[in-house]
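The data block below is work_7.txt; it holds compact mmCIF, C-alpha atoms and all ligand atoms.
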```
# COMPACT_ATOMS: atom_id res chain seq x y z
CA MET A 1 -81.42 34.04 9.46
CA ALA A 2 -79.12 35.02 12.37
CA ARG A 3 -79.22 38.48 13.96
CA ASN A 4 -76.24 39.63 11.87
CA GLY A 5 -78.34 39.49 8.69
CA THR A 6 -76.56 36.44 7.29
CA ALA A 7 -77.52 32.79 7.50
CA TYR A 8 -74.34 32.20 9.52
CA LYS A 9 -73.87 32.72 13.23
CA ARG A 10 -70.52 30.93 13.57
CA ILE A 11 -68.06 30.13 10.79
CA LEU A 12 -64.76 28.35 10.51
CA LEU A 13 -62.55 30.33 8.16
CA LYS A 14 -59.80 28.26 6.54
CA LEU A 15 -56.87 30.30 5.27
CA SER A 16 -53.98 28.79 3.36
CA GLY A 17 -50.57 29.99 4.39
CA GLU A 18 -50.35 31.51 0.90
CA ALA A 19 -52.80 34.26 1.99
CA LEU A 20 -50.02 35.71 4.19
CA LYS A 21 -47.36 36.00 1.45
CA ALA A 22 -46.50 39.15 -0.46
CA PRO A 23 -48.04 39.09 -3.98
CA GLY A 24 -45.71 37.15 -6.26
CA ALA A 25 -43.43 35.99 -3.42
CA GLU A 26 -42.46 32.32 -3.12
CA SER A 27 -42.75 32.22 0.66
CA GLY A 28 -42.76 34.24 3.85
CA ILE A 29 -45.09 36.47 5.82
CA ASP A 30 -45.77 39.94 4.49
CA ALA A 31 -46.80 42.69 6.92
CA GLU A 32 -49.18 44.31 4.43
CA ALA A 33 -50.77 41.02 3.39
CA ILE A 34 -51.38 39.91 6.97
CA ALA A 35 -52.78 43.32 7.95
CA GLY A 36 -55.16 43.08 4.97
CA VAL A 37 -56.32 39.65 6.09
CA ALA A 38 -56.90 40.93 9.63
CA GLU A 39 -58.87 43.89 8.34
CA ARG A 40 -61.21 41.64 6.34
CA ILE A 41 -61.74 39.42 9.38
CA ARG A 42 -62.42 42.49 11.55
CA LYS A 43 -65.31 43.49 9.30
CA VAL A 44 -66.84 40.02 9.57
CA VAL A 45 -66.52 39.97 13.36
CA GLU A 46 -68.01 43.46 13.58
CA SER A 47 -71.01 42.29 11.55
CA GLY A 48 -71.77 39.92 14.43
CA VAL A 49 -70.52 36.64 12.92
CA GLN A 50 -68.38 34.46 15.21
CA VAL A 51 -65.11 33.58 13.48
CA ALA A 52 -62.82 30.64 14.23
CA LEU A 53 -59.70 30.42 12.10
CA VAL A 54 -57.56 27.56 10.86
CA VAL A 55 -54.39 28.59 9.09
CA GLY A 56 -52.12 26.47 6.92
CA ALA A 57 -48.40 26.84 6.36
CA GLY A 58 -47.82 26.60 2.61
CA ASN A 59 -46.00 29.96 2.81
CA ILE A 60 -43.40 28.40 5.13
CA PHE A 61 -43.25 24.63 5.02
CA ARG A 62 -45.30 21.63 3.87
CA GLY A 63 -44.51 18.13 5.05
CA LEU A 64 -45.31 16.05 1.98
CA PRO A 65 -42.89 17.67 -0.51
CA ALA A 66 -40.14 17.66 2.13
CA SER A 67 -40.70 13.94 2.75
CA ARG A 68 -40.50 13.29 -1.00
CA ASN A 69 -37.06 14.91 -0.83
CA GLY A 70 -35.94 12.39 1.77
CA MET A 71 -37.03 13.78 5.14
CA ALA A 72 -38.94 11.43 7.50
CA ARG A 73 -42.63 12.17 6.97
CA VAL A 74 -43.50 12.41 10.66
CA THR A 75 -40.71 14.93 11.24
CA ALA A 76 -41.59 16.90 8.12
CA ASP A 77 -45.25 17.08 9.15
CA SER A 78 -44.26 18.19 12.65
CA MET A 79 -42.30 21.01 11.02
CA GLY A 80 -45.39 21.89 8.98
CA MET A 81 -47.53 21.97 12.13
CA MET A 82 -44.97 24.23 13.86
CA ALA A 83 -45.08 26.52 10.83
CA THR A 84 -48.84 26.92 11.25
CA VAL A 85 -48.14 28.16 14.78
CA ILE A 86 -45.82 30.84 13.36
CA ASN A 87 -48.60 31.96 11.01
CA ALA A 88 -51.13 31.89 13.86
CA LEU A 89 -48.93 34.19 15.96
CA GLY A 90 -48.65 36.60 13.03
CA LEU A 91 -52.41 36.57 12.57
CA GLN A 92 -53.07 37.06 16.28
CA ASP A 93 -50.75 40.06 16.28
CA ALA A 94 -52.38 41.58 13.19
CA LEU A 95 -55.91 40.96 14.49
CA GLU A 96 -55.14 42.56 17.83
CA ALA A 97 -53.51 45.53 16.08
CA ALA A 98 -56.82 45.87 14.18
CA GLY A 99 -58.70 45.87 17.51
CA VAL A 100 -59.96 42.26 17.37
CA PRO A 101 -59.05 40.11 20.40
CA ALA A 102 -57.77 36.70 19.32
CA GLN A 103 -56.93 33.52 21.23
CA ILE A 104 -54.66 30.77 19.92
CA GLN A 105 -55.45 27.15 20.77
CA THR A 106 -53.08 24.30 19.99
CA PRO A 107 -53.57 20.52 20.07
CA PHE A 108 -50.27 20.10 21.99
CA PRO A 109 -49.15 22.10 25.06
CA MET A 110 -47.48 25.40 24.11
CA PRO A 111 -47.61 27.54 27.26
CA GLY A 112 -46.87 31.16 26.49
CA ILE A 113 -48.10 30.75 22.90
CA GLY A 114 -51.69 29.66 23.39
CA GLU A 115 -54.01 27.48 25.40
CA ALA A 116 -54.73 23.79 24.85
CA PHE A 117 -57.54 23.02 22.42
CA ASP A 118 -60.84 22.79 24.26
CA HIS A 119 -64.05 23.05 22.29
CA ARG A 120 -66.03 24.49 25.22
CA ARG A 121 -63.48 27.22 25.88
CA ALA A 122 -63.28 27.92 22.15
CA ILE A 123 -67.06 28.42 22.00
CA ALA A 124 -66.96 30.65 25.09
CA HIS A 125 -64.26 32.84 23.44
CA LEU A 126 -66.28 33.05 20.22
CA GLU A 127 -69.37 34.08 22.13
CA THR A 128 -67.53 37.02 23.67
CA GLY A 129 -66.42 38.27 20.23
CA ARG A 130 -62.90 36.82 20.24
CA VAL A 131 -61.47 35.15 17.17
CA VAL A 132 -60.11 31.70 18.02
CA ILE A 133 -57.13 30.59 15.95
CA PHE A 134 -56.67 26.84 15.84
CA ALA A 135 -52.93 26.48 15.30
CA GLY A 136 -50.82 23.34 14.98
CA GLY A 137 -53.24 21.46 12.74
CA THR A 138 -54.81 18.34 14.24
CA GLY A 139 -51.57 17.68 16.13
CA HIS A 140 -51.04 14.56 14.03
CA PRO A 141 -48.89 13.96 10.96
CA PHE A 142 -50.44 12.72 7.69
CA PHE A 143 -53.25 15.26 7.97
CA THR A 144 -53.72 18.70 6.45
CA THR A 145 -55.10 21.96 7.71
CA ASP A 146 -58.19 21.36 5.53
CA THR A 147 -58.87 18.29 7.68
CA THR A 148 -58.18 20.38 10.78
CA ALA A 149 -60.76 22.90 9.56
CA ALA A 150 -63.36 20.17 9.01
CA LEU A 151 -62.68 18.58 12.40
CA ARG A 152 -62.73 21.84 14.37
CA ALA A 153 -65.87 23.00 12.51
CA CYS A 154 -67.63 19.83 13.71
CA GLU A 155 -66.29 20.22 17.24
CA ILE A 156 -67.39 23.83 17.71
CA GLY A 157 -70.68 23.46 15.83
CA ALA A 158 -69.79 25.90 13.05
CA ASP A 159 -72.56 26.62 10.53
CA ALA A 160 -70.11 26.32 7.63
CA ILE A 161 -66.48 26.24 6.60
CA PHE A 162 -65.43 29.24 4.54
CA LYS A 163 -62.47 28.16 2.44
CA ALA A 164 -60.52 31.18 1.25
CA THR A 165 -59.10 30.85 -2.27
CA LYS A 166 -57.92 33.07 -5.13
CA VAL A 167 -60.67 31.91 -7.50
CA ASP A 168 -64.42 32.49 -7.67
CA GLY A 169 -65.41 29.07 -6.35
CA VAL A 170 -65.40 25.56 -7.78
CA TYR A 171 -65.21 25.00 -11.56
CA SER A 172 -65.96 21.93 -13.64
CA ALA A 173 -62.37 22.13 -14.97
CA ASP A 174 -59.40 24.47 -14.62
CA PRO A 175 -60.70 27.75 -16.11
CA HIS A 176 -57.12 28.75 -17.04
CA LYS A 177 -56.75 25.65 -19.22
CA ASP A 178 -60.27 24.85 -20.41
CA PRO A 179 -62.44 27.58 -22.00
CA GLN A 180 -65.48 25.28 -21.50
CA ALA A 181 -64.99 25.25 -17.71
CA ARG A 182 -68.18 26.20 -15.86
CA ARG A 183 -68.40 27.70 -12.41
CA TYR A 184 -70.79 26.22 -9.88
CA SER A 185 -72.74 28.47 -7.55
CA GLN A 186 -74.08 25.41 -5.73
CA LEU A 187 -72.61 21.96 -5.71
CA ALA A 188 -73.96 18.75 -4.16
CA TYR A 189 -71.38 16.78 -2.14
CA THR A 190 -72.22 13.70 -4.20
CA ASP A 191 -71.61 15.53 -7.51
CA ALA A 192 -68.27 16.87 -6.24
CA LEU A 193 -67.23 13.29 -5.43
CA GLN A 194 -68.57 11.82 -8.67
CA LYS A 195 -66.93 14.49 -10.84
CA ARG A 196 -63.74 14.26 -8.75
CA LEU A 197 -63.73 18.00 -8.11
CA GLN A 198 -61.02 18.74 -5.57
CA VAL A 199 -62.88 20.95 -3.09
CA MET A 200 -60.80 19.76 -0.14
CA ASP A 201 -58.71 16.66 0.46
CA SER A 202 -60.76 13.49 0.82
CA SER A 203 -60.59 13.16 4.63
CA ALA A 204 -61.68 16.78 5.08
CA PHE A 205 -64.43 16.43 2.49
CA SER A 206 -65.90 13.24 4.03
CA LEU A 207 -65.94 14.78 7.50
CA CYS A 208 -67.95 17.74 6.16
CA MET A 209 -70.33 15.57 4.16
CA ASP A 210 -70.93 13.08 6.98
CA ASN A 211 -71.59 15.86 9.49
CA ASP A 212 -73.64 18.18 7.23
CA ILE A 213 -71.13 21.03 7.29
CA PRO A 214 -71.47 23.15 4.13
CA ILE A 215 -68.22 24.31 2.52
CA VAL A 216 -68.25 27.78 1.01
CA VAL A 217 -65.34 28.15 -1.41
CA PHE A 218 -64.93 31.87 -2.04
CA ASN A 219 -62.53 34.41 -3.50
CA PHE A 220 -60.75 36.01 -0.56
CA SER A 221 -58.67 38.28 -2.78
CA ARG A 222 -61.74 40.17 -4.05
CA PRO A 223 -62.59 43.20 -1.92
CA GLY A 224 -65.75 42.37 0.04
CA GLY A 225 -65.59 38.75 -1.19
CA ILE A 226 -66.17 37.20 2.21
CA SER A 227 -68.98 39.58 3.17
CA ARG A 228 -70.78 38.85 -0.09
CA ALA A 229 -70.42 35.11 0.36
CA LEU A 230 -71.69 35.45 3.94
CA SER A 231 -74.76 37.28 2.72
CA GLY A 232 -75.53 34.43 0.32
CA ASP A 233 -74.27 36.19 -2.85
CA LEU A 234 -72.60 33.37 -4.80
CA ALA A 235 -71.30 35.47 -7.72
CA SER A 236 -67.74 34.75 -6.61
CA ALA A 237 -68.32 31.70 -4.41
CA THR A 238 -69.61 28.13 -4.47
CA ILE A 239 -71.55 26.49 -1.67
CA VAL A 240 -71.01 22.76 -1.40
CA GLY A 241 -73.69 20.93 0.56
CA HIS A 242 -76.65 18.58 0.39
CA GLY A 243 -78.60 20.82 -2.02
CA GLU A 244 -78.80 20.55 -5.81
CA THR A 245 -75.99 21.40 -8.20
CA LEU A 246 -76.27 24.67 -10.12
CA ALA A 247 -73.70 25.64 -12.73
CA GLU A 248 -73.40 28.90 -14.68
CA THR A 249 -74.73 28.34 -18.17
CA GLU A 250 -72.51 30.77 -20.07
N1 LIG A 301 -49.89 19.27 9.02
C1 LIG A 301 -49.93 18.04 9.69
N2 LIG A 301 -51.06 17.69 10.36
C2 LIG A 301 -52.15 18.47 10.41
C3 LIG A 301 -52.13 19.72 9.70
C4 LIG A 301 -50.98 20.08 9.02
O1 LIG A 301 -48.97 17.28 9.67
O2 LIG A 301 -53.15 18.11 11.06
C5 LIG A 301 -48.63 19.69 8.38
C6 LIG A 301 -48.43 19.08 6.99
O3 LIG A 301 -47.05 18.82 6.84
C7 LIG A 301 -48.84 20.21 6.07
C8 LIG A 301 -48.37 21.43 6.83
O4 LIG A 301 -48.63 21.10 8.20
O5 LIG A 301 -48.19 20.15 4.81
C9 LIG A 301 -49.06 22.71 6.47
O6 LIG A 301 -50.45 22.54 6.31
P1 LIG A 301 -51.17 22.64 4.86
O7 LIG A 301 -50.32 21.95 3.83
O8 LIG A 301 -52.56 22.13 5.04
O9 LIG A 301 -51.13 24.21 4.63
P2 LIG A 301 -51.85 25.10 3.49
O10 LIG A 301 -51.70 24.35 2.19
O11 LIG A 301 -53.29 25.24 3.86
O12 LIG A 301 -51.13 26.43 3.52
```
The structure given in the file should be rewritten as structure tokens.
Ligand code: UDP
Amino acid sequence: MARNGTAYKRILLKLSGEALKAPGAESGIDAEAIAGVAERIRKVVESGVQVALVVGAGNIFRGLPASRNGMARVTADSMGMMATVINALGLQDALEAAGVPAQIQTPFPMPGIGEAFDHRRAIAHLETGRVVIFAGGTGHPFFTTDTTAALRACEIGADAIFKATKVDGVYSADPHKDPQARRYSQLAYTDALQKRLQVMDSSAFSLCMDNDIPIVVFNFSRPGGISRALSGDLASATIVGHGETLAETE
């Protein structure tokens, strides 16, 4: 157990762009929503856990649907990556307003916005209590920010990826459609693959599995959800790793 009372010293928090929208809105960045996100991250940082962030862009632009509507995929994905930078700037601003210093790193040069990705510098920032925001995805089209999260987690030696969602973890089926759906508190990587449970996209998932990075899928919209998941309380979270699979029996 690390000095902060949790099993985690350094985490990679993956936020979808959706976390920055106003409730019920189709798109955009909402001041209250982003301040709420920053406040939750502040509490985690103050508990002594090092936090690196990867943010998506589903609240602004995603490449794949745009390419299905006729746009060149590489261009559409570049737009998606730029949109993650917009979200990262919003998060940096909100974190700093909450008193948490935050550094943006990008995979392509963006002087004036952030520094170039460098895993050693990222670790040094984390060790001084800064949040590092990995913006711009992997810098390559055809990937997602889930894959970015998996890759950066490996590069900085994170103890786990915390994937923020609006549900209480991973279910055997969609709980909104299937009353028999059971929630897992623990899930073996191999069972997730066998049962085709979509924890993350397949490239992201394999990177985690091959490099022994646990994925904690947790409900970020619940007050205290992340702190509880960090302390090992899996009442509204699922940990995916090499351990056994445990499902709720109800
Ligand atoms: N993207 C990309 N390469 C990456 C990461 C992201 O091309 O390494 C683009 C892709 O178009 C994607 C968009 O950025 O749709 C936004 O990321 P994502 O869909 O993962 O956002 P989220 O669903 O997490 O909000």
Write as a PyMOL selection string the residues around ligand LIG 301 (chain A), taking 6 Å as the cut-off and counting only C-alpha atoms and all ligand atoms. chain A and resi 16-18+56-58+62-64+76-78+80-81+137-146+148
Test item: residues at most 9 Å from Ile226 in chain A, all atoms listed in the file, excluding those fewer than 2 positions along its chain, as number ranges by chain: A: 40-41, 44, 162, 164, 218-220, 222-224, 228-231, 237
Could you check the closest approach to Gln103 in chain A for each of A:Asp178, A:Glu115, A:Glu248, A:Glu39 and tell me which residue wins, using only C-alpha atoms? A:Glu115
Which one of A:Ala116, A:Ile34, A:Val51, A:Ala66 sits closest to Leu91 in chain A if you count all atoms listed in the file?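 Closest to Leu91 in chain A, using all atoms listed in the file: A:Ile34.
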Would you pick out the contacts of Ile215 in chain A at 8 Å or less, using only C-alpha atoms, so that residues sharing its chain but fewer than 2 positions from it are not included, and give the list as JSON, numbers by chain? {"A": [160, 161, 162, 163, 208, 213, 217, 239, 240, 241]}
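In this model, the gap between CA of Ser27 in chain A and CA of Pro65 in chain A comes to 14.6 Å.
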Let me have the centre and edge lengths in Å, one decimal, of the box along x, y and z around every listed atom of range 219-230 of chain A with 4 Å of margin on each side, as lines of an AutoDock Vina configuration file.
```
center_x = -65.2
center_y = 38.8
center_z = -0.1
size_x = 21.0
size_y = 16.8
size_z = 16.0
```
Selected range 128-162 of chain A, written as a compact mmCIF listing (two decimals), in the first residue's frame, N, CA and C atoms:
```
# COMPACT_ATOMS: atom_id res chain seq x y z
N THR A 128 6.34 16.13 -8.60
CA THR A 128 6.28 17.39 -7.85
C THR A 128 4.81 17.80 -7.60
N GLY A 129 3.88 16.91 -7.88
CA GLY A 129 2.47 17.19 -7.56
C GLY A 129 1.70 17.85 -8.69
N ARG A 130 2.34 17.98 -9.88
CA ARG A 130 1.59 18.52 -11.02
C ARG A 130 0.76 17.42 -11.67
N VAL A 131 -0.37 17.83 -12.23
CA VAL A 131 -1.12 16.91 -13.09
C VAL A 131 -0.54 17.07 -14.49
N VAL A 132 -0.29 15.97 -15.18
CA VAL A 132 0.16 16.06 -16.57
C VAL A 132 -1.00 15.67 -17.47
N ILE A 133 -1.32 16.54 -18.41
CA ILE A 133 -2.43 16.26 -19.33
C ILE A 133 -1.83 15.90 -20.69
N PHE A 134 -2.04 14.64 -21.08
CA PHE A 134 -1.55 14.20 -22.38
C PHE A 134 -2.62 14.53 -23.42
N ALA A 135 -2.36 15.60 -24.18
CA ALA A 135 -3.33 16.06 -25.18
C ALA A 135 -2.88 15.60 -26.56
N GLY A 136 -3.80 15.63 -27.51
CA GLY A 136 -3.44 15.31 -28.90
C GLY A 136 -3.38 13.82 -29.20
N GLY A 137 -3.90 13.01 -28.30
CA GLY A 137 -3.92 11.56 -28.53
C GLY A 137 -2.51 11.02 -28.71
N THR A 138 -2.38 9.97 -29.53
CA THR A 138 -1.06 9.40 -29.79
C THR A 138 -0.30 10.24 -30.82
N GLY A 139 -1.03 11.17 -31.46
CA GLY A 139 -0.42 11.94 -32.56
C GLY A 139 -0.62 11.26 -33.90
N HIS A 140 -1.31 10.11 -33.89
CA HIS A 140 -1.51 9.35 -35.12
C HIS A 140 -2.99 9.07 -35.34
N PRO A 141 -3.42 9.20 -36.62
CA PRO A 141 -4.82 8.85 -36.91
C PRO A 141 -5.04 7.35 -36.72
N PHE A 142 -6.28 6.94 -36.76
CA PHE A 142 -6.71 5.54 -36.63
C PHE A 142 -6.56 5.00 -35.22
N PHE A 143 -6.23 5.88 -34.26
CA PHE A 143 -6.19 5.46 -32.87
C PHE A 143 -7.25 6.23 -32.09
N THR A 144 -7.43 5.85 -30.84
CA THR A 144 -8.39 6.54 -29.98
C THR A 144 -7.66 7.06 -28.74
N THR A 145 -8.40 7.80 -27.94
CA THR A 145 -7.76 8.27 -26.71
C THR A 145 -7.72 7.15 -25.66
N ASP A 146 -8.50 6.09 -25.83
CA ASP A 146 -8.32 4.92 -24.95
C ASP A 146 -6.94 4.30 -25.21
N THR A 147 -6.57 4.19 -26.48
CA THR A 147 -5.25 3.65 -26.81
C THR A 147 -4.16 4.58 -26.29
N THR A 148 -4.40 5.89 -26.42
CA THR A 148 -3.44 6.85 -25.88
C THR A 148 -3.25 6.61 -24.38
N ALA A 149 -4.36 6.40 -23.68
CA ALA A 149 -4.29 6.19 -22.23
C ALA A 149 -3.47 4.95 -21.91
N ALA A 150 -3.70 3.88 -22.67
CA ALA A 150 -2.96 2.63 -22.43
C ALA A 150 -1.47 2.83 -22.70
N LEU A 151 -1.17 3.50 -23.81
CA LEU A 151 0.22 3.72 -24.19
C LEU A 151 0.94 4.60 -23.15
N ARG A 152 0.33 5.72 -22.81
CA ARG A 152 0.97 6.64 -21.84
C ARG A 152 1.08 5.97 -20.46
N ALA A 153 0.11 5.17 -20.09
CA ALA A 153 0.18 4.48 -18.79
C ALA A 153 1.41 3.58 -18.76
N CYS A 154 1.66 2.87 -19.87
CA CYS A 154 2.86 2.01 -19.94
C CYS A 154 4.11 2.88 -19.87
N GLU A 155 4.11 3.98 -20.63
CA GLU A 155 5.32 4.80 -20.72
C GLU A 155 5.70 5.46 -19.39
N ILE A 156 4.71 5.86 -18.61
CA ILE A 156 5.04 6.55 -17.35
C ILE A 156 5.01 5.60 -16.15
N GLY A 157 4.78 4.32 -16.40
CA GLY A 157 4.75 3.35 -15.30
C GLY A 157 3.59 3.58 -14.34
N ALA A 158 2.41 3.85 -14.89
CA ALA A 158 1.24 4.05 -14.01
C ALA A 158 0.84 2.71 -13.39
N ASP A 159 0.30 2.76 -12.18
CA ASP A 159 -0.14 1.54 -11.50
C ASP A 159 -1.44 1.02 -12.09
N ALA A 160 -2.22 1.90 -12.69
CA ALA A 160 -3.51 1.49 -13.28
C ALA A 160 -4.04 2.61 -14.14
N ILE A 161 -4.96 2.22 -15.05
CA ILE A 161 -5.75 3.22 -15.77
C ILE A 161 -7.09 3.30 -15.06
N PHE A 162 -7.53 4.50 -14.75
CA PHE A 162 -8.87 4.71 -14.22
C PHE A 162 -9.71 5.27 -15.35
```
